[in-house]
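**Q** If it helps, the file is called target.cif and holds mmCIF, C-alpha atoms and all ligand atoms:
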```
data_input
#
loop_
_atom_site.group_PDB
_atom_site.id
_atom_site.type_symbol
_atom_site.label_atom_id
_atom_site.label_comp_id
_atom_site.auth_asym_id
_atom_site.auth_seq_id
_atom_site.Cartn_x
_atom_site.Cartn_y
_atom_site.Cartn_z
ATOM 1 C CA MET A 267 0.000 0.000 0.000
ATOM 2 C CA GLN A 268 1.294 3.412 -0.917
ATOM 3 C CA PHE A 269 -0.121 6.710 0.346
ATOM 4 C CA GLU A 270 0.585 9.953 -1.512
ATOM 5 C CA VAL A 271 -0.152 12.839 0.864
ATOM 6 C CA PHE A 272 -0.523 16.381 -0.475
ATOM 7 C CA THR A 273 -0.179 19.071 2.149
ATOM 8 C CA LEU A 274 1.028 22.581 2.904
ATOM 9 C CA LEU A 275 2.411 21.351 6.249
ATOM 10 C CA PRO A 276 4.718 18.418 5.490
ATOM 11 C CA GLU A 277 6.480 18.852 8.834
ATOM 12 C CA VAL A 278 3.412 17.552 10.675
ATOM 13 C CA PHE A 279 3.859 13.967 9.448
ATOM 14 C CA PRO A 280 7.301 12.500 10.256
ATOM 15 C CA SER A 281 7.073 12.232 14.049
ATOM 16 C CA TYR A 282 3.949 10.083 13.918
ATOM 17 C CA LEU A 283 5.020 8.012 10.931
ATOM 18 C CA GLU A 284 8.354 7.289 12.592
ATOM 19 C CA THR A 285 6.771 5.708 15.638
ATOM 20 C CA SER A 286 5.713 2.237 16.679
ATOM 21 C CA ILE A 287 3.588 0.029 14.398
ATOM 22 C CA ILE A 288 3.504 2.417 11.437
ATOM 23 C CA LYS A 289 7.252 2.826 11.606
ATOM 24 C CA ARG A 290 7.775 -0.949 11.577
ATOM 25 C CA ALA A 291 5.283 -1.416 8.746
ATOM 26 C CA ARG A 292 7.196 1.167 6.689
ATOM 27 C CA GLU A 293 10.553 -0.405 7.479
ATOM 28 C CA ARG A 294 9.239 -3.815 6.428
ATOM 29 C CA GLY A 295 7.955 -2.371 3.137
ATOM 30 C CA LEU A 296 4.302 -3.123 3.969
ATOM 31 C CA VAL A 297 3.322 0.512 3.589
ATOM 32 C CA ARG A 298 4.907 3.580 2.015
ATOM 33 C CA VAL A 299 3.892 7.123 2.829
ATOM 34 C CA ASN A 300 5.147 9.839 0.468
ATOM 35 C CA ILE A 301 4.590 13.399 1.655
ATOM 36 C CA HIS A 302 4.349 16.057 -1.068
ATOM 37 C CA ASN A 303 4.531 19.757 -0.306
ATOM 38 C CA ILE A 304 1.958 21.550 -2.464
ATOM 39 C CA ARG A 305 4.101 24.676 -2.208
ATOM 40 C CA ASP A 306 6.785 22.952 -4.302
ATOM 41 C CA TYR A 307 4.362 23.114 -7.246
ATOM 42 C CA THR A 308 4.044 26.908 -7.299
ATOM 43 C CA HIS A 309 5.938 28.987 -9.873
ATOM 44 C CA ASP A 310 5.722 32.559 -8.606
ATOM 45 C CA LYS A 311 8.360 34.353 -6.558
ATOM 46 C CA HIS A 312 6.327 34.120 -3.331
ATOM 47 C CA HIS A 313 5.224 30.478 -3.762
ATOM 48 C CA THR A 314 1.605 31.503 -3.403
ATOM 49 C CA THR A 315 -0.810 28.718 -2.552
ATOM 50 C CA ASP A 316 -3.857 30.759 -1.471
ATOM 51 C CA ASP A 317 -5.790 33.823 -2.548
ATOM 52 C CA MET A 318 -8.806 35.934 -1.594
ATOM 53 C CA PRO A 319 -12.262 34.511 -2.237
ATOM 54 C CA TYR A 320 -14.184 35.828 -5.246
ATOM 55 C CA GLY A 321 -17.316 37.561 -4.020
ATOM 56 C CA GLY A 322 -15.619 38.767 -0.846
ATOM 57 C CA GLY A 323 -15.851 37.444 2.671
ATOM 58 C CA GLY A 324 -13.182 36.477 5.159
ATOM 59 C CA GLY A 325 -10.438 33.907 4.916
ATOM 60 C CA MET A 326 -8.246 32.671 2.125
ATOM 61 C CA VAL A 327 -8.879 29.952 -0.409
ATOM 62 C CA MET A 328 -6.393 27.348 -1.679
ATOM 63 C CA LYS A 329 -5.581 28.015 -5.326
ATOM 64 C CA PRO A 330 -6.263 25.280 -7.862
ATOM 65 C CA GLU A 331 -3.069 25.396 -9.967
ATOM 66 C CA PRO A 332 -0.492 24.039 -7.478
ATOM 67 C CA VAL A 333 -2.891 21.378 -6.173
ATOM 68 C CA PHE A 334 -3.723 20.092 -9.685
ATOM 69 C CA GLU A 335 -0.077 20.166 -10.701
ATOM 70 C CA ALA A 336 1.089 18.324 -7.566
ATOM 71 C CA VAL A 337 -1.505 15.561 -7.806
ATOM 72 C CA GLU A 338 -1.290 15.133 -11.586
ATOM 73 C CA SER A 339 2.468 14.964 -11.668
ATOM 74 C CA VAL A 340 2.822 12.556 -8.719
ATOM 75 C CA LEU A 341 0.045 10.258 -9.914
ATOM 76 C CA GLY A 342 1.098 10.506 -13.558
ATOM 77 C CA LEU A 343 -2.237 11.884 -14.691
ATOM 78 C CA ALA A 344 -2.091 13.854 -17.913
ATOM 79 C CA PRO A 345 -3.583 17.345 -17.627
ATOM 80 C CA PRO A 346 -6.093 18.591 -20.217
ATOM 81 C CA PRO A 347 -6.247 19.063 -23.207
ATOM 82 C CA THR A 348 -4.996 15.450 -23.382
ATOM 83 C CA PRO A 349 -8.085 13.284 -23.337
ATOM 84 C CA PRO A 350 -8.552 11.657 -19.918
ATOM 85 C CA GLU A 351 -6.897 8.238 -19.614
ATOM 86 C CA PRO A 352 -8.919 5.179 -18.783
ATOM 87 C CA GLU A 353 -10.189 5.630 -15.250
ATOM 88 C CA SER A 354 -7.222 5.674 -12.836
ATOM 89 C CA ASN A 355 -7.803 3.326 -9.957
ATOM 90 C CA ILE A 356 -6.192 5.603 -7.400
ATOM 91 C CA PRO A 357 -8.738 7.277 -5.126
ATOM 92 C CA ILE A 358 -7.984 10.970 -4.635
ATOM 93 C CA ILE A 359 -9.452 11.681 -1.227
ATOM 94 C CA LEU A 360 -10.042 15.163 0.121
ATOM 95 C CA LEU A 361 -10.055 15.346 3.934
ATOM 96 C CA THR A 362 -12.896 17.694 4.766
ATOM 97 C CA PRO A 363 -15.664 18.030 7.366
ATOM 98 C CA GLN A 364 -18.074 17.806 4.401
ATOM 99 C CA GLY A 365 -17.067 14.222 3.519
ATOM 100 C CA ARG A 366 -18.623 10.880 4.396
ATOM 101 C CA VAL A 367 -17.863 10.130 8.023
ATOM 102 C CA PHE A 368 -14.890 7.770 8.435
ATOM 103 C CA ASN A 369 -15.473 4.447 10.147
ATOM 104 C CA GLN A 370 -14.057 0.931 10.306
ATOM 105 C CA SER A 371 -15.872 -0.249 7.201
ATOM 106 C CA ILE A 372 -14.446 2.652 5.147
ATOM 107 C CA ALA A 373 -10.990 1.747 6.533
ATOM 108 C CA GLN A 374 -11.579 -1.847 5.327
ATOM 109 C CA GLU A 375 -12.743 -0.614 1.936
ATOM 110 C CA LEU A 376 -9.629 1.566 1.498
ATOM 111 C CA SER A 377 -7.255 -1.195 2.622
ATOM 112 C CA ALA A 378 -8.026 -3.019 -0.655
ATOM 113 C CA TYR A 379 -6.319 -0.333 -2.784
ATOM 114 C CA SER A 380 -2.626 -0.444 -3.601
ATOM 115 C CA ARG A 381 -2.277 3.340 -3.827
ATOM 116 C CA ILE A 382 -4.297 6.188 -2.302
ATOM 117 C CA ALA A 383 -3.871 9.959 -2.635
ATOM 118 C CA LEU A 384 -4.827 12.143 0.337
ATOM 119 C CA LEU A 385 -5.348 15.848 -0.095
ATOM 120 C CA CYS A 386 -5.201 17.938 3.068
ATOM 121 C CA GLY A 387 -7.184 21.168 2.939
ATOM 122 C CA ARG A 388 -6.031 24.336 4.768
ATOM 123 C CA TYR A 389 -7.186 27.942 4.997
ATOM 124 C CA GLU A 390 -10.908 28.549 4.821
ATOM 125 C CA GLY A 391 -11.344 26.047 2.067
ATOM 126 C CA LEU A 392 -10.188 25.200 -1.377
ATOM 127 C CA ASP A 393 -11.206 26.314 -4.804
ATOM 128 C CA GLU A 394 -14.312 24.374 -5.750
ATOM 129 C CA ARG A 395 -12.769 23.294 -9.072
ATOM 130 C CA ILE A 396 -10.413 21.018 -7.122
ATOM 131 C CA ARG A 397 -13.330 19.281 -5.467
ATOM 132 C CA ALA A 398 -15.335 19.085 -8.688
ATOM 133 C CA ASN A 399 -12.618 17.992 -11.132
ATOM 134 C CA LEU A 400 -9.766 16.323 -9.273
ATOM 135 C CA VAL A 401 -11.040 14.757 -6.073
ATOM 136 C CA THR A 402 -12.810 11.372 -6.304
ATOM 137 C CA ASP A 403 -13.907 10.983 -2.671
ATOM 138 C CA GLU A 404 -14.329 13.166 0.422
ATOM 139 C CA ILE A 405 -13.815 11.912 3.959
ATOM 140 C CA SER A 406 -14.484 13.557 7.320
ATOM 141 C CA ILE A 407 -13.231 12.149 10.618
ATOM 142 C CA GLY A 408 -16.205 13.521 12.545
ATOM 143 C CA ASP A 409 -18.639 16.354 12.918
ATOM 144 C CA TYR A 410 -16.245 19.005 14.144
ATOM 145 C CA VAL A 411 -13.905 21.358 12.323
ATOM 146 C CA LEU A 412 -10.123 21.179 12.587
ATOM 147 C CA THR A 413 -7.634 23.688 11.235
ATOM 148 C CA GLY A 414 -6.687 21.360 8.397
ATOM 149 C CA GLY A 415 -6.749 17.871 6.938
ATOM 150 C CA GLU A 416 -3.326 16.751 8.229
ATOM 151 C CA LEU A 417 -4.496 15.036 11.439
ATOM 152 C CA PRO A 418 -7.430 13.411 9.596
ATOM 153 C CA ALA A 419 -4.960 12.097 6.977
ATOM 154 C CA LEU A 420 -2.784 10.574 9.712
ATOM 155 C CA ILE A 421 -5.836 9.001 11.316
ATOM 156 C CA LEU A 422 -6.882 7.461 8.015
ATOM 157 C CA ILE A 423 -3.340 6.193 7.321
ATOM 158 C CA ASP A 424 -3.157 4.640 10.780
ATOM 159 C CA ALA A 425 -6.562 2.937 10.616
ATOM 160 C CA VAL A 426 -5.913 1.538 7.123
ATOM 161 C CA THR A 427 -2.305 0.477 7.735
ATOM 162 C CA ARG A 428 -3.116 -1.687 10.744
ATOM 163 C CA LEU A 429 -5.547 -3.671 8.582
ATOM 164 C CA LEU A 430 -2.887 -4.574 6.010
ATOM 165 C CA PRO A 431 -1.597 -8.158 6.046
ATOM 166 C CA ASN A 432 1.322 -8.773 8.458
ATOM 167 C CA VAL A 433 1.275 -5.265 9.970
ATOM 168 C CA LEU A 434 0.027 -6.357 13.395
ATOM 169 C CA GLY A 435 2.143 -8.918 15.247
ATOM 170 C CA ASP A 436 -0.922 -11.039 15.992
ATOM 171 C CA PRO A 437 -2.452 -12.105 12.655
ATOM 172 C CA THR A 438 -5.953 -12.000 14.175
ATOM 173 C CA GLY A 439 -5.144 -8.696 15.921
ATOM 174 C CA ALA A 440 -7.581 -6.554 13.961
ATOM 175 C CA GLU A 441 -10.446 -9.058 13.978
ATOM 176 C CA ASP A 442 -11.602 -8.526 17.567
ATOM 177 C CA ASP A 443 -11.185 -4.754 17.531
ATOM 178 C CA SER A 444 -14.010 -2.545 18.616
ATOM 179 C CA HIS A 445 -16.092 -1.915 15.478
ATOM 180 C CA ALA A 446 -14.409 -4.663 13.421
ATOM 181 C CA MET A 447 -17.126 -7.130 14.343
ATOM 182 C CA GLY A 448 -19.821 -4.489 14.628
ATOM 183 C CA LEU A 449 -19.558 -4.452 18.443
ATOM 184 C CA LEU A 450 -17.382 -2.694 20.993
ATOM 185 C CA GLU A 451 -14.516 -4.858 22.159
ATOM 186 C CA TYR A 452 -14.596 -6.871 25.414
ATOM 187 C CA PRO A 453 -12.415 -5.733 28.373
ATOM 188 C CA HIS A 454 -8.778 -6.825 28.692
ATOM 189 C CA TYR A 455 -6.743 -7.671 31.780
ATOM 190 C CA THR A 456 -3.094 -8.520 32.390
ATOM 191 C CA ARG A 457 -0.985 -9.317 35.466
ATOM 192 C CA PRO A 458 -1.204 -8.863 38.420
ATOM 193 C CA PRO A 459 -4.321 -10.940 39.128
ATOM 194 C CA GLU A 460 -5.189 -8.503 41.919
ATOM 195 C CA PHE A 461 -4.371 -4.794 42.007
ATOM 196 C CA ARG A 462 -5.472 -2.559 44.924
ATOM 197 C CA GLY A 463 -8.096 -5.137 45.744
ATOM 198 C CA TRP A 464 -9.527 -5.153 42.176
ATOM 199 C CA LYS A 465 -9.505 -8.694 40.858
ATOM 200 C CA VAL A 466 -9.276 -10.057 37.353
ATOM 201 C CA PRO A 467 -12.542 -11.930 36.616
ATOM 202 C CA ASP A 468 -12.140 -15.598 37.638
ATOM 203 C CA VAL A 469 -13.232 -16.885 34.247
ATOM 204 C CA LEU A 470 -10.109 -15.417 32.588
ATOM 205 C CA LEU A 471 -7.883 -17.390 34.957
ATOM 206 C CA SER A 472 -9.881 -20.607 34.516
ATOM 207 C CA GLY A 473 -8.080 -21.859 31.395
ATOM 208 C CA ASP A 474 -11.494 -22.904 29.997
ATOM 209 C CA HIS A 475 -11.446 -21.358 26.524
ATOM 210 C CA GLY A 476 -15.066 -22.143 25.775
ATOM 211 C CA LYS A 477 -16.139 -20.197 28.858
ATOM 212 C CA ILE A 478 -13.677 -17.390 28.130
ATOM 213 C CA ASP A 479 -15.012 -16.942 24.567
ATOM 214 C CA LYS A 480 -18.590 -16.889 25.858
ATOM 215 C CA TRP A 481 -17.715 -14.327 28.568
ATOM 216 C CA ARG A 482 -15.919 -12.108 26.053
ATOM 217 C CA ARG A 483 -18.828 -12.226 23.619
ATOM 218 C CA GLU A 484 -21.285 -11.317 26.371
ATOM 219 C CA GLN A 485 -19.067 -8.499 27.620
ATOM 220 C CA ALA A 486 -18.829 -7.110 24.071
ATOM 221 C CA LEU A 487 -22.616 -7.312 23.724
ATOM 222 C CA GLU A 488 -23.226 -5.692 27.093
ATOM 223 C CA ARG A 489 -20.764 -2.847 26.477
ATOM 224 C CA THR A 490 -22.282 -2.159 23.106
ATOM 225 C CA PHE A 491 -25.789 -2.304 24.578
ATOM 226 C CA ARG A 492 -24.861 0.238 27.268
ATOM 227 C CA LYS A 493 -22.542 2.576 25.354
ATOM 228 C CA ARG A 494 -23.511 2.327 21.675
ATOM 229 C CA PRO A 495 -26.927 0.677 21.340
ATOM 230 C CA ASP A 496 -27.171 2.128 17.800
ATOM 231 C CA MET A 497 -24.476 -0.357 16.720
ATOM 232 C CA LEU A 498 -26.605 -3.359 17.662
ATOM 233 C CA ASP A 499 -29.004 -2.665 14.795
ATOM 234 C CA LYS A 500 -26.269 -3.396 12.247
ATOM 235 C CA ALA A 501 -24.236 -6.056 14.096
ATOM 236 C CA GLU A 502 -24.372 -9.703 13.045
ATOM 237 C CA LEU A 503 -26.025 -11.383 16.005
ATOM 238 C CA THR A 504 -26.631 -15.061 16.686
ATOM 239 C CA LYS A 505 -29.761 -16.419 18.341
ATOM 240 C CA GLU A 506 -27.843 -16.636 21.654
ATOM 241 C CA ASP A 507 -26.647 -13.033 21.292
ATOM 242 C CA LYS A 508 -30.214 -11.836 20.780
ATOM 243 C CA LYS A 509 -31.392 -13.814 23.787
ATOM 244 C CA PHE A 510 -28.601 -12.317 25.908
ATOM 245 C CA ILE A 511 -29.582 -8.797 24.823
ATOM 246 C CA GLU A 512 -33.230 -9.475 25.607
ATOM 247 C CA GLY A 513 -32.053 -10.422 29.123
ATOM 248 C CA LEU A 514 -30.163 -7.123 29.406
ATOM 249 C CA LYS A 515 -33.232 -5.157 28.290
ATOM 250 C CA HIS A 516 -35.368 -6.997 30.783
ATOM 251 C CA ALA A 517 -32.910 -6.325 33.620
ATOM 252 C CA LEU A 518 -32.765 -2.648 32.640
ATOM 253 C CA SER A 519 -36.527 -2.203 32.579
ATOM 254 C CA ASN A 520 -36.790 -3.923 36.009
ATOM 255 C CA THR A 521 -34.195 -1.532 37.487
ATOM 256 C CA GLU A 522 -36.026 1.452 36.011
ATOM 257 C CA ARG A 523 -39.328 0.207 37.376
ATOM 258 C CA SER A 524 -37.890 -0.262 40.874
ATOM 259 C CA LYS A 525 -36.296 3.215 40.724
ATOM 260 C CA SER A 526 -39.614 4.849 39.851
ATOM 261 C CA ASN A 527 -41.310 2.903 42.661
ATOM 262 C CA ASP A 528 -38.749 4.361 45.073
ATOM 263 C CA LEU A 529 -39.695 7.953 44.153
HETATM 264 N N1 LIG A 601 -10.532 19.213 8.003
HETATM 265 C C1 LIG A 601 -11.024 20.004 8.971
HETATM 266 N N2 LIG A 601 -11.874 19.353 9.762
HETATM 267 C C2 LIG A 601 -11.932 18.071 9.288
HETATM 268 C C3 LIG A 601 -12.651 16.907 9.673
HETATM 269 N N3 LIG A 601 -13.489 16.904 10.707
HETATM 270 N N4 LIG A 601 -12.462 15.793 8.963
HETATM 271 C C4 LIG A 601 -11.635 15.787 7.890
HETATM 272 N N5 LIG A 601 -10.935 16.847 7.484
HETATM 273 C C5 LIG A 601 -11.085 17.991 8.172
#
```
Now that the file is in, can you turn its structure into structure tokens?

**A**
Amino acid sequence: MQFEVFTLLPEVFPSYLETSIIKRARERGLVRVNIHNIRDYTHDKHHTTDDMPYGGGGGMVMKPEPVFEAVESVLGLAPPPTPPEPESNIPIILLTPQGRVFNQSIAQELSAYSRIALLCGRYEGLDERIRANLVTDEISIGDYVLTGGELPALILIDAVTRLLPNVLGDPTGAEDDSHAMGLLEYPHYTRPPEFRGWKVPDVLLSGDHGKIDKWRREQALERTFRKRPDMLDKAELTKEDKKFIEGLKHALSNTERSKSNDL
């Protein structure tokens, strides 16, 4: 997998990419991240990448020329008037709060590509012709506005990279993740078996893997039921799962009833 990142702030990226799992994945050639400074594709004395908005109003707007030139030259796309080549299979993703909201299934979808271009917006916005004629997809990392697309690009790179084959030490590492199976993940414990009087649940020390799997599944269901009930509508649930959730609902309505009786 190769990421081509287009940004006005290339200095933001190295420290994160040179750390931990992403660093190892890069060293092992499982992922490559090329950072391209959009400013390098300007041709005027001041290396101008932004300008005032037509029609007035505050803020500056990213100019189209350096962005088109950067992306087209790195991806080997011929600019007009050459007729467009057969559809390039490289998604050109703009990070923007206006995009589809990133989640685990989008991370899975993107992990199937061999090359992805990420365009980080800055200033108040970018010239609409970039969005309309260059970008093929728009992704947001949530309903809030950041100062630019650099952190969202790193988040996307991280979430996609850890899904690539052989990136995680444990080959099943990504399968049990929160969201991967449509549920929040079960709780984890490590040594010591007792800390400040708080004990590790007995079942995890029992060595009975059937019981441990059942406990973990029920914990995942219960956590999801309490924290993110919306996820249960889409999760793949077995008959036993559904029965377990019915039990949780029943217990909850009994507690609510007894609370209202106490008032
Ligand atoms: N740029 C600014 N805010 C953003 C967000 N929430 N997601 C993606 N890119 C952004």

**Q** Quick one: distance from atom CA of Met497 of chain A to atom CA of His445 of chain A in Å, one decimal?

**A**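 The value is 8.6 Å.
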
**Q** Go through A:Asp424, A:Glu488, A:Asp468, A:Glu441 one by one, measure the shortest atom-to-atom distance of each to Ala373 of chain A using all atoms listed in the file, and give the residue with the smallest value.

**A** A:Asp424

**Q** Written as a ChimeraX atom specification, which residues does the PyMOL selection byres (((chain A and resi 334) around 12) and not hetatm) give for the file shown?

**A** /A:272,304-305,307-308,315,328-333,335-346,358,385,392-393,395-401

**Q** Would you list the contacts of Asp403 of chain A as a list in words, taking every protein, DNA or RNA residue within 7 Å and counting only C-alpha atoms, but skipping same-chain residues closer than 6 positions in sequence?

**A**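 Result of the neighbour search: Pro357, Ile358, Ile359 and Leu360 of chain A.
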
**Q** Within 10 Å of ligand LIG 601 (chain A), counting all atoms listed in the file, which protein or nucleic acid residues do you find, written as a PyMOL selection string?

**A** chain A and resi 360-368+385-391+404-419+421-422

**Q** Since we have the selection now, will you write its residues out, keeping C-alpha atoms, as a JSON list (two decimals), keeping the file's coordinate frame?

**A**
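selection25.json, freshly written:
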```json
[["chain", "number", "residue", "atom", "x", "y", "z"],
["A", 360, "LEU", "CA", -10.04, 15.16, 0.12],
["A", 361, "LEU", "CA", -10.06, 15.35, 3.93],
["A", 362, "THR", "CA", -12.90, 17.69, 4.77],
["A", 363, "PRO", "CA", -15.66, 18.03, 7.37],
["A", 364, "GLN", "CA", -18.07, 17.81, 4.40],
["A", 365, "GLY", "CA", -17.07, 14.22, 3.52],
["A", 366, "ARG", "CA", -18.62, 10.88, 4.40],
["A", 367, "VAL", "CA", -17.86, 10.13, 8.02],
["A", 368, "PHE", "CA", -14.89, 7.77, 8.44],
["A", 385, "LEU", "CA", -5.35, 15.85, -0.10],
["A", 386, "CYS", "CA", -5.20, 17.94, 3.07],
["A", 387, "GLY", "CA", -7.18, 21.17, 2.94],
["A", 388, "ARG", "CA", -6.03, 24.34, 4.77],
["A", 389, "TYR", "CA", -7.19, 27.94, 5.00],
["A", 390, "GLU", "CA", -10.91, 28.55, 4.82],
["A", 391, "GLY", "CA", -11.34, 26.05, 2.07],
["A", 404, "GLU", "CA", -14.33, 13.17, 0.42],
["A", 405, "ILE", "CA", -13.82, 11.91, 3.96],
["A", 406, "SER", "CA", -14.48, 13.56, 7.32],
["A", 407, "ILE", "CA", -13.23, 12.15, 10.62],
["A", 408, "GLY", "CA", -16.20, 13.52, 12.54],
["A", 409, "ASP", "CA", -18.64, 16.35, 12.92],
["A", 410, "TYR", "CA", -16.24, 19.00, 14.14],
["A", 411, "VAL", "CA", -13.90, 21.36, 12.32],
["A", 412, "LEU", "CA", -10.12, 21.18, 12.59],
["A", 413, "THR", "CA", -7.63, 23.69, 11.24],
["A", 414, "GLY", "CA", -6.69, 21.36, 8.40],
["A", 415, "GLY", "CA", -6.75, 17.87, 6.94],
["A", 416, "GLU", "CA", -3.33, 16.75, 8.23],
["A", 417, "LEU", "CA", -4.50, 15.04, 11.44],
["A", 418, "PRO", "CA", -7.43, 13.41, 9.60],
["A", 419, "ALA", "CA", -4.96, 12.10, 6.98],
["A", 421, "ILE", "CA", -5.84, 9.00, 11.32],
["A", 422, "LEU", "CA", -6.88, 7.46, 8.02]]
```

**Q** Could you jot down the atom CA of Leu503 of chain A to atom CA of Val433 of chain A separation for me, Å, one decimal place?

**A**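 Distance between the two atoms: 28.6 Å.
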
**Q** May I ask for the distance between atom CA of Gly439 of chain A and atom CA of Ala501 of chain A, given in Å to one decimal place?

**A**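 It comes out at 19.4 Å.
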
**Q** So that I can check the surroundings of Ile356 of chain A, please list as number ranges by chain every protein, DNA and RNA residue that reaches within 10 Å of it, counting only C-alpha atoms and ignoring chain neighbours fewer than 2 positions away.

**A** A: 269-270, 341, 353-354, 358-359, 379-383, 402

**Q** Translate the PyMOL selection byres (((chain A and resi 301) around 7) and not hetatm), as applied to the file shown, into an explicit residue set as an NGL selection string.

**A** :A and (270-272 or 276 or 299-300 or 302-303)

**Q** Skip segment 283-297 of chain A itself and residues of its chain fewer than 6 positions away, then list as a VMD selection string all residues within 8 Å of it, counting only C-alpha atoms.

**A** chain A and resid 267 to 269 424 427 to 428 430 432 to 434
